[in-house]
$ cat coords-v5.txt   # compact mmCIF, C-alpha atoms
# COMPACT_ATOMS: atom_id res chain seq x y z
CA MET A 1 28.13 88.62 121.10
CA ASN A 2 30.18 85.47 120.50
CA GLN A 3 33.90 85.68 121.17
CA PRO A 4 36.15 84.69 118.23
CA GLN A 5 37.77 81.30 118.48
CA PRO A 6 41.52 81.26 119.18
CA ALA A 7 43.43 81.37 115.90
CA TRP A 8 46.59 79.81 117.32
CA ALA A 9 47.53 76.58 119.05
CA TYR A 10 50.65 76.31 121.17
CA ALA A 11 52.90 73.80 122.88
CA ASP A 12 54.85 74.84 125.97
CA LEU A 13 58.04 72.88 126.64
CA PHE A 14 59.86 73.25 129.96
CA SER A 15 56.52 74.70 130.98
CA GLY A 16 57.38 75.05 134.67
CA CYS A 17 54.65 76.48 136.87
CA GLY A 18 52.89 78.07 133.90
CA GLY A 19 54.23 81.58 133.42
CA MET A 20 54.37 81.40 129.62
CA SER A 21 51.03 79.62 129.37
CA ALA A 22 49.36 82.08 131.76
CA GLY A 23 50.46 84.95 129.54
CA LEU A 24 49.29 83.28 126.35
CA ALA A 25 45.97 82.36 127.96
CA ALA A 26 45.44 86.01 128.90
CA THR A 27 45.43 86.99 125.20
CA ASP A 28 42.39 84.81 124.38
CA ARG A 29 44.12 84.11 121.05
CA PHE A 30 45.85 80.82 121.88
CA VAL A 31 44.59 77.37 122.76
CA PRO A 32 46.97 75.00 124.59
CA VAL A 33 47.52 71.60 123.01
CA TYR A 34 50.54 70.36 124.93
CA ALA A 35 52.84 71.16 127.85
CA ALA A 36 55.73 69.21 129.34
CA ASP A 37 58.17 69.47 132.20
CA ASN A 38 60.06 66.97 134.34
CA ASP A 39 59.37 68.83 137.63
CA LYS A 40 56.43 67.23 139.42
CA TRP A 41 55.70 70.21 141.67
CA ALA A 42 55.83 72.70 138.82
CA ASN A 43 53.48 70.45 136.85
CA ALA A 44 51.11 70.33 139.82
CA THR A 45 51.08 74.13 140.01
CA TYR A 46 50.48 74.38 136.26
CA ALA A 47 47.55 71.96 136.42
CA ALA A 48 46.00 73.56 139.51
CA ASN A 49 45.89 77.01 137.94
CA LEU A 50 45.52 76.40 134.21
CA GLY A 51 43.20 73.42 134.23
CA HIS A 52 45.19 71.01 132.08
CA GLN A 53 47.94 68.60 133.04
CA PRO A 54 51.44 68.82 131.55
CA GLU A 55 53.18 65.62 130.64
CA GLN A 56 55.91 64.80 133.15
CA LEU A 57 58.73 64.17 130.72
CA ASP A 58 62.48 64.52 130.51
CA LEU A 59 62.91 65.70 126.94
CA LEU A 60 66.35 64.10 126.77
CA THR A 61 64.44 60.83 126.29
CA LEU A 62 63.39 62.11 122.84
CA GLN A 63 66.86 62.24 121.33
CA ASP A 64 66.08 59.18 119.20
CA GLU A 65 64.74 60.30 115.83
CA GLY A 66 61.92 57.78 115.77
CA LEU A 67 60.66 58.69 119.23
CA ARG A 68 60.94 62.36 118.36
CA SER A 69 58.89 61.92 115.18
CA ALA A 70 56.16 60.02 116.99
CA TRP A 71 56.04 62.72 119.68
CA ALA A 72 55.80 65.51 117.08
CA ALA A 73 52.97 63.74 115.21
CA ARG A 74 51.05 63.35 118.46
CA VAL A 75 51.48 67.00 119.45
CA ARG A 76 50.89 68.52 116.02
CA GLY A 77 47.76 66.45 115.53
CA ARG A 78 46.12 68.27 118.42
CA ALA A 79 46.45 71.65 116.69
CA GLN A 80 43.59 70.84 114.30
CA GLY A 81 44.91 73.01 111.50
CA LYS A 82 45.50 76.15 113.55
CA LYS A 83 48.63 78.23 113.27
CA PHE A 84 51.14 76.77 115.67
CA LEU A 85 53.50 78.34 118.23
CA LEU A 86 56.19 76.39 120.06
CA THR A 87 57.56 78.01 123.19
CA GLY A 88 60.29 76.86 125.52
CA GLY A 89 62.89 77.88 128.03
CA PRO A 90 65.44 75.07 128.30
CA PRO A 91 66.96 75.01 131.82
CA CYS A 92 69.37 77.91 132.04
CA GLN A 93 71.61 77.05 134.99
CA GLY A 94 74.42 75.91 132.74
CA PHE A 95 74.34 79.22 130.86
CA SER A 96 74.21 81.46 133.92
CA SER A 97 77.10 83.68 134.96
CA HIS A 98 76.77 82.13 138.42
CA VAL A 99 78.19 78.85 137.10
CA LYS A 100 81.94 79.14 137.64
CA VAL A 101 83.06 76.71 134.96
CA ARG A 102 82.38 76.79 131.27
CA GLY A 103 79.45 74.64 130.21
CA ASP A 104 77.13 72.60 132.38
CA ARG A 105 78.48 70.13 134.92
CA LYS A 106 75.25 68.12 134.88
CA GLY A 107 75.02 67.85 131.11
CA ARG A 108 71.63 69.58 131.03
CA ASN A 109 72.75 72.00 128.34
CA GLN A 110 72.01 69.13 125.95
CA LEU A 111 68.40 70.10 126.45
CA PHE A 112 68.97 73.23 124.40
CA SER A 113 70.05 71.15 121.42
CA VAL A 114 67.21 68.70 121.99
CA PHE A 115 64.73 71.59 121.98
CA GLY A 116 66.08 72.61 118.58
CA ASP A 117 65.66 69.08 117.23
CA LEU A 118 62.12 68.90 118.56
CA ALA A 119 61.31 72.24 116.97
CA LEU A 120 62.62 71.14 113.58
CA THR A 121 60.60 67.91 113.78
CA LEU A 122 57.43 69.66 114.93
CA ARG A 123 57.93 72.51 112.44
CA PRO A 124 55.66 75.16 114.03
CA ASP A 125 54.89 78.47 112.36
CA VAL A 126 56.68 80.42 115.10
CA ILE A 127 59.21 79.42 117.74
CA MET A 128 59.88 81.47 120.86
CA ILE A 129 62.73 80.72 123.25
CA GLU A 130 63.28 82.59 126.53
CA ASN A 131 66.49 82.17 128.47
CA VAL A 132 69.07 84.02 130.55
CA ALA A 133 71.01 86.81 128.89
CA ASP A 134 74.22 84.78 129.06
CA LEU A 135 72.79 82.37 126.49
CA VAL A 136 74.45 84.67 123.95
CA SER A 137 77.67 85.32 125.89
CA ALA A 138 80.92 83.54 125.08
CA ARG A 139 80.15 80.74 127.54
CA SER A 140 77.18 79.43 125.56
CA TRP A 141 77.68 81.00 122.15
CA ASP A 142 78.37 77.73 120.32
CA LEU A 143 75.04 76.26 121.45
CA PHE A 144 73.11 79.33 120.38
CA ALA A 145 74.94 79.64 117.06
CA GLU A 146 74.38 75.96 116.26
CA LEU A 147 70.64 76.30 116.89
CA ARG A 148 70.41 79.41 114.72
CA VAL A 149 72.17 77.67 111.83
CA LYS A 150 69.82 74.67 112.12
CA LEU A 151 66.72 76.83 112.13
CA GLU A 152 67.85 78.98 109.23
CA GLY A 153 68.76 75.86 107.28
CA ALA A 154 65.19 74.62 107.77
CA GLY A 155 63.72 77.82 106.33
CA TYR A 156 63.18 79.87 109.48
CA GLN A 157 64.07 83.53 109.79
CA VAL A 158 65.65 84.05 113.19
CA ARG A 159 66.19 87.06 115.44
CA ALA A 160 67.51 87.17 118.99
CA LYS A 161 67.61 90.05 121.45
CA ILE A 162 68.60 90.72 125.00
CA LEU A 163 65.81 92.64 126.66
CA ASN A 164 64.86 93.96 130.06
CA MET A 165 61.43 92.61 131.00
CA ALA A 166 60.78 95.94 132.72
CA GLN A 167 60.32 97.33 129.20
CA LEU A 168 57.13 95.25 129.00
CA GLY A 169 55.65 96.37 132.31
CA VAL A 170 57.18 93.69 134.54
CA PRO A 171 58.12 95.29 137.89
CA GLN A 172 61.66 93.95 137.93
CA GLU A 173 64.84 94.46 135.96
CA ARG A 174 64.95 91.00 134.48
CA PHE A 175 67.46 90.71 131.66
CA ARG A 176 66.72 87.83 129.31
CA THR A 177 67.50 86.58 125.82
CA VAL A 178 64.46 86.01 123.63
CA VAL A 179 64.82 84.16 120.32
CA LEU A 180 62.05 84.37 117.73
CA ALA A 181 61.98 82.20 114.61
CA SER A 182 59.30 82.34 111.92
CA LEU A 183 58.66 80.26 108.82
CA HIS A 184 56.67 82.93 107.01
CA GLN A 185 58.23 86.33 107.69
CA ARG A 186 61.02 88.19 109.39
CA PRO A 187 60.14 88.14 113.10
CA THR A 188 59.53 91.41 114.88
CA PHE A 189 59.43 92.11 118.60
CA PRO A 190 56.66 93.85 120.58
CA ALA A 191 56.76 97.56 121.18
CA VAL A 192 58.38 99.03 124.27
CA ARG A 193 55.72 99.71 126.89
CA ASN A 194 57.87 101.25 129.64
CA THR A 195 61.15 103.13 129.63
CA PRO A 196 63.55 103.94 132.49
CA GLY A 197 61.77 106.38 134.74
CA SER A 198 58.38 104.85 133.94
CA TYR A 199 59.07 101.21 134.89
CA SER A 200 56.41 99.53 137.01
CA THR A 201 57.27 99.71 140.70
CA VAL A 202 57.40 97.38 143.66
CA LYS A 203 54.80 99.49 145.45
CA GLU A 204 52.33 99.20 142.57
CA TRP A 205 52.47 95.42 142.69
CA ILE A 206 52.93 94.45 146.36
CA GLY A 207 52.34 97.65 148.36
CA HIS A 208 48.74 96.65 149.12
CA LEU A 209 49.57 93.34 150.82
CA PRO A 210 49.03 93.09 154.59
CA PRO A 211 52.17 92.99 156.75
CA VAL A 212 53.51 89.66 158.00
CA ALA A 213 56.39 89.09 160.40
CA SER A 214 59.22 86.61 160.02
CA GLY A 215 57.86 83.07 160.18
CA GLU A 216 54.22 84.17 159.99
CA ALA A 217 51.48 83.61 157.42
CA ASN A 218 48.55 85.74 156.44
CA PRO A 219 45.45 83.73 157.45
CA SER A 220 43.58 84.56 154.25
CA ASP A 221 46.40 83.72 151.82
CA PRO A 222 48.58 80.64 152.31
CA MET A 223 51.06 82.00 149.74
CA HIS A 224 51.68 85.13 151.83
CA VAL A 225 53.98 83.47 154.36
CA THR A 226 57.61 84.21 155.16
CA SER A 227 60.67 82.24 156.14
CA ARG A 228 61.40 81.98 159.84
CA HIS A 229 64.67 83.90 159.86
CA ARG A 230 67.51 83.36 162.30
CA ALA A 231 67.96 85.91 165.06
CA SER A 232 71.25 87.00 163.43
CA THR A 233 69.48 87.69 160.12
CA LEU A 234 66.81 89.76 161.85
CA GLU A 235 69.48 91.75 163.69
CA ILE A 236 71.11 92.64 160.36
CA LEU A 237 67.82 93.61 158.73
CA ARG A 238 66.89 95.94 161.60
CA GLN A 239 69.98 97.99 160.74
CA VAL A 240 69.28 98.25 157.00
CA PRO A 241 67.57 101.54 156.10
CA HIS A 242 64.02 101.23 154.81
CA ASP A 243 62.94 101.62 151.18
CA GLY A 244 65.93 100.55 149.12
CA GLY A 245 68.57 100.67 151.84
CA SER A 246 71.77 98.62 151.70
CA ARG A 247 73.54 96.71 154.45
CA PRO A 248 75.81 99.16 156.29
CA THR A 249 79.53 98.44 156.35
CA GLY A 250 80.40 96.50 159.47
CA VAL A 251 76.97 94.92 159.78
CA GLY A 252 76.77 91.18 159.22
CA PRO A 253 79.52 88.73 158.24
CA GLU A 254 82.96 90.33 157.78
CA CYS A 255 83.49 88.49 154.50
CA LEU A 256 80.82 90.66 152.86
CA ASP A 257 82.88 93.80 153.51
CA ARG A 258 86.05 92.24 152.09
CA THR A 259 84.37 91.54 148.73
CA ARG A 260 82.23 94.66 148.62
CA GLY A 261 82.28 96.39 145.25
CA SER A 262 83.79 93.61 143.11
CA HIS A 263 81.67 93.75 139.91
CA GLY A 264 78.88 95.00 142.11
CA GLY A 265 80.04 92.24 144.46
CA TYR A 266 77.89 91.61 147.47
CA THR A 267 76.57 95.14 147.84
CA ASP A 268 73.00 93.90 147.36
CA VAL A 269 73.20 91.19 150.04
CA TYR A 270 70.67 91.92 152.82
CA GLY A 271 69.51 94.97 150.83
CA ARG A 272 65.92 96.10 150.72
CA LEU A 273 63.62 96.49 147.75
CA ALA A 274 62.76 100.09 146.91
CA TRP A 275 59.08 101.04 146.72
CA SER A 276 59.55 103.54 143.90
CA GLY A 277 61.36 101.36 141.37
CA PRO A 278 61.39 97.85 139.93
CA ALA A 279 62.78 94.90 141.84
CA PRO A 280 65.99 93.17 140.80
CA THR A 281 65.66 89.84 139.02
CA ILE A 282 63.45 87.53 141.06
CA THR A 283 65.36 84.27 141.54
CA ALA A 284 64.77 80.89 143.12
CA ARG A 285 66.53 82.18 146.25
CA CYS A 286 64.52 85.37 146.66
CA ARG A 287 63.06 84.31 150.02
CA THR A 288 66.53 84.65 151.56
CA PRO A 289 67.87 88.16 152.36
CA SER A 290 71.46 86.88 152.28
CA CYS A 291 71.06 86.03 148.58
CA GLY A 292 70.50 89.53 147.24
CA ARG A 293 68.35 92.64 147.48
CA PHE A 294 65.31 90.67 148.52
CA ALA A 295 64.31 92.12 151.89
CA HIS A 296 60.94 93.83 152.18
CA PRO A 297 61.14 97.62 151.80
CA GLU A 298 59.96 98.18 155.38
CA GLN A 299 59.38 94.87 157.16
CA ASP A 300 62.34 92.92 158.59
CA ARG A 301 62.05 89.79 156.47
CA GLY A 302 62.52 88.29 153.03
CA MET A 303 59.83 87.95 150.38
CA THR A 304 56.75 85.81 150.63
CA ALA A 305 55.83 83.57 147.71
CA ARG A 306 52.86 85.86 147.02
CA GLU A 307 55.13 88.90 146.79
CA ALA A 308 57.60 87.08 144.55
CA GLY A 309 54.76 85.78 142.38
CA LEU A 310 53.24 89.24 141.98
CA LEU A 311 56.61 90.76 141.08
CA GLN A 312 56.79 88.05 138.41
CA THR A 313 53.27 89.25 137.37
CA PHE A 314 51.44 86.02 138.22
CA PRO A 315 47.74 86.56 138.98
CA ALA A 316 46.98 87.49 142.57
CA ASP A 317 45.17 84.20 143.21
CA TRP A 318 47.83 81.90 141.72
CA GLN A 319 48.49 78.93 143.99
CA PHE A 320 52.01 77.50 144.01
CA VAL A 321 51.97 73.80 144.88
CA GLY A 322 54.73 71.98 146.68
CA PRO A 323 57.24 72.37 149.52
CA PHE A 324 58.08 75.87 150.75
CA ASP A 325 61.42 76.26 148.96
CA ASP A 326 60.11 74.65 145.78
CA ARG A 327 57.50 77.38 145.38
CA TYR A 328 60.27 79.97 145.11
CA LYS A 329 62.18 77.83 142.64
CA GLN A 330 59.09 77.67 140.44
CA ILE A 331 58.57 81.41 140.65
CA GLY A 332 62.20 82.34 139.99
CA ASN A 333 62.44 80.04 136.96
CA ALA A 334 59.20 81.23 135.37
CA VAL A 335 58.61 83.50 132.39
CA PRO A 336 56.71 86.57 133.68
CA PRO A 337 53.14 86.15 132.40
CA LEU A 338 52.87 89.85 131.51
CA ALA A 339 55.87 89.56 129.19
CA ALA A 340 54.50 86.33 127.69
CA GLN A 341 51.19 88.08 127.07
CA ALA A 342 52.91 90.93 125.22
CA PHE A 343 54.72 88.49 122.94
CA GLY A 344 51.58 86.41 122.46
CA GLU A 345 49.50 89.40 121.39
CA HIS A 346 52.24 90.53 119.03
CA ILE A 347 52.56 87.09 117.43
CA ALA A 348 48.79 86.62 117.14
CA ASN A 349 48.52 90.02 115.45
CA GLY A 350 50.95 88.91 112.74
CA MET A 351 54.16 90.38 114.17
CA PRO A 352 53.71 93.83 112.63
CA ASP A 353 56.52 96.38 112.51
CA VAL A 354 56.45 98.73 115.48
CA ASP A 355 58.03 102.14 116.03
CA SER A 356 60.22 101.07 118.95
CA GLU A 357 60.87 97.37 119.49
CA VAL A 358 61.60 96.06 122.94
CA GLY A 359 65.23 95.12 123.45
CA LEU A 360 68.61 96.39 124.61
CA PHE A 361 70.77 94.58 122.11
CA GLU A 362 70.16 92.53 118.96
CA VAL A 363 72.41 89.52 118.64
CA GLN A 364 74.39 89.39 115.42
CA ASP A 365 77.46 87.29 114.66
CA LYS A 366 79.43 87.44 117.90
CA PRO A 367 78.80 86.98 121.61
CA VAL A 368 77.69 89.91 123.72
CA GLY A 369 80.82 89.40 125.82
CA SER A 370 82.34 86.98 128.28
CA SER A 371 79.43 87.54 130.68
CA PHE A 372 76.39 89.79 130.41
CA SER A 373 76.04 90.24 134.16
CA VAL A 374 79.14 92.45 134.37
CA LEU A 375 77.48 94.87 131.90
CA ILE A 376 74.36 95.45 134.01
CA PRO A 377 75.77 98.21 136.29
CA GLY A 378 76.80 100.18 133.19
CA ILE A 379 73.38 99.68 131.61
CA ARG A 380 71.77 101.18 134.69
CA ARG A 381 74.20 104.12 134.72
CA ARG A 382 73.36 104.83 131.07
CA GLY A 383 69.63 104.81 131.72
CA GLY A 384 68.87 101.38 130.30
CA VAL A 385 71.10 101.50 127.22
CA LEU A 386 73.54 98.74 126.30
CA ASN A 387 76.69 99.72 124.40
CA PRO A 388 78.68 96.50 124.12
$ encode --input "coords-v5.txt" --output "structure tokens"
Amino acid sequence: MNQPQPAWAYADLFSGCGGMSAGLAATDRFVPVYAADNDKWANATYAANLGHQPEQLDLLTLQDEGLRSAWAARVRGRAQGKKFLLTGGPPCQGFSSHVKVRGDRKGRNQLFSVFGDLALTLRPDVIMIENVADLVSARSWDLFAELRVKLEGAGYQVRAKILNMAQLGVPQERFRTVVLASLHQRPTFPAVRNTPGSYSTVKEWIGHLPPVASGEANPSDPMHVTSRHRASTLEILRQVPHDGGSRPTGVGPECLDRTRGSHGGYTDVYGRLAWSGPAPTITARCRTPSCGRFAHPEQDRGMTAREAGLLQTFPADWQFVGPFDDRYKQIGNAVPPLAAQAFGEHIANGMPDVDSEVGLFEVQDKPVGSSFSVLIPGIRRRGGVLNP
């Protein structure tokens, strides 16, 4: 029996190592017509796994209206009359709560505005933006509000929500803002797939992997290799209880005890993942135990790229190209493919109303607060509910 042809085309901007595209490809409903990123290693990973080459492009070079129009005509022409989805996750470092000053010291937040201009020129049927939760905090509110006004002025209906990717089966508590804009209907979000207590677990996703020691690689999987930790790091990890344990007071640098408990402070530093629950947000620094709760539940080491990739829901055979540290940057910056697949299926099915939409908080006419990250401990105490 012949499979139906994909009904949708899509373009993936800031495509990274291919998380969004991997999820859309898994639906069998979307055909890729364009991808772009300015990171050569991420582009190499994308091409190696997805079979088509992104354009290496800094989208800031498309600020000129003429260049932007020529780009949009080129991209849209490849869609061959199909319904069209534009996806993108403009670099989020300037929006993150980890940036200590308001705005973006490198000026890269301009990319968010440029993405909006490209979207308006391309004029797809549906636009999907994924970014950090603090996109809709006070720090970045003006950028988000400006984009929403532009899109609504061009005829789009726009909704934005903060959601926990664990609600879609991703085995990590990854809080993100997702913006959906549609030309033809009020956007809806996919249905909740998992609730607190039924989130996918670390053990389900990485418990089967063979053990590796610090600095070693599994001979059958070049992605299953760990950092070679310092002796002092290993000494700390040996004293951290297995399966979700935290660094004991008095173990490790004294400065960690002085700041312990401040907004959750450094209580997760050198902590272990717990087998029975989701991981914390997988970041570009997740190979390093001193950067969070990233130590293996039982082995005295940080994560391998394979473990980080699986917790981001990349396929088990995904090959991350590039230098050791760059692989983790690609993984930490990616959209989890399982979440992208859920959104892709929902969009391809016409964005029907569902009984219980994914999301903790729907963005209205004011920021969620000064910083979303300070709300996370309360969300966990309330069983996954946000009451801003």
$ closest_residue --input "coords-v5.txt" --among "A:Glu130, A:Asp243, A:Asp64, A:Glu204" --to "Leu13 in chain A" --atoms "all atoms listed in the file"
A:Glu130
$ atom_distance --input "coords-v5.txt" --atom1 "CA of Gly215 in chain A" --atom2 "CA of His229 in chain A"
6.9 Å
$ closest_residue --input "coords-v5.txt" --among "A:Ile127, A:Arg287, A:Arg258, A:Glu173" --to "Pro377 in chain A" --atoms "only C-alpha atoms"
A:Glu173
$ closest_atom_pairs --input "coords-v5.txt" --of "range 11-76 of chain A" --to "range 112-116 of chain A" --cutoff "8 Å" --atoms "only C-alpha atoms" --output "tab-separated table"
residue	atom	partner	partner_atom	distance
A:Leu59	CA	A:Val114	CA	7.2
A:Leu60	CA	A:Val114	CA	6.7
A:Leu62	CA	A:Val114	CA	7.7
A:Gln63	CA	A:Val114	CA	6.5
$ closest_residue --input "coords-v5.txt" --among "A:Ser21, A:Ser140, A:Thr283, A:Ser198" --to "Gln110 in chain A" --atoms "all atoms listed in the file"
A:Ser140
$ closest_residue --input "coords-v5.txt" --among "A:Tyr156, A:Trp71, A:Tyr199, A:Phe324" --to "Val179 in chain A" --atoms "all atoms listed in the file"
A:Tyr156
$ residues_around --input "coords-v5.txt" --residues "Asp317 in chain A" --least-positions-apart "5" --cutoff "9 Å" --atoms "all atoms listed in the file" --output "PDB file with C-alpha atoms, in the coordinates of the input"
ATOM      1  CA  ASN A  49      45.890  77.010 137.940  1.00  0.00           C
ATOM      2  CA  ASP A 221      46.400  83.720 151.820  1.00  0.00           C
ATOM      3  CA  ARG A 306      52.860  85.860 147.020  1.00  0.00           C
TER       4      ARG A 306
END
$ closest_residue --input "coords-v5.txt" --among "A:Phe294, A:Phe84, A:Phe361, A:Phe320" --to "His184 in chain A" --atoms "all atoms listed in the file"
A:Phe84
$ residues_near_point --input "coords-v5.txt" --point "(59.6, 68.1, 131.4)" --cutoff "7 Å" --atoms "all atoms listed in the file" --output "list of chain:residue names"
A:Leu13, A:Phe14, A:Ala36, A:Asp37, A:Asn38, A:Asp39, A:Glu55, A:Gln56, A:Leu57, A:Asp58, A:Leu59
$ residues_around --input "coords-v5.txt" --residues "Ala308 in chain A" --least-positions-apart "5" --cutoff "10 Å" --atoms "only C-alpha atoms" --output "JSON, numbers by chain"
{"A": [205, 206, 223, 224, 279, 282, 283, 284, 286, 287, 294, 302, 303, 313, 314, 327, 328, 331, 332]}
$ atom_distance --input "coords-v5.txt" --atom1 "CA of Arg238 in chain A" --atom2 "CA of Pro222 in chain A"
25.6 Å
$ closest_residue --input "coords-v5.txt" --among "A:Gly23, A:Pro352, A:Pro323, A:Pro248" --to "Gln185 in chain A" --atoms "only C-alpha atoms"
A:Pro352
$ atom_distance --input "coords-v5.txt" --atom1 "CA of Leu85 in chain A" --atom2 "CA of Leu143 in chain A"
21.9 Å
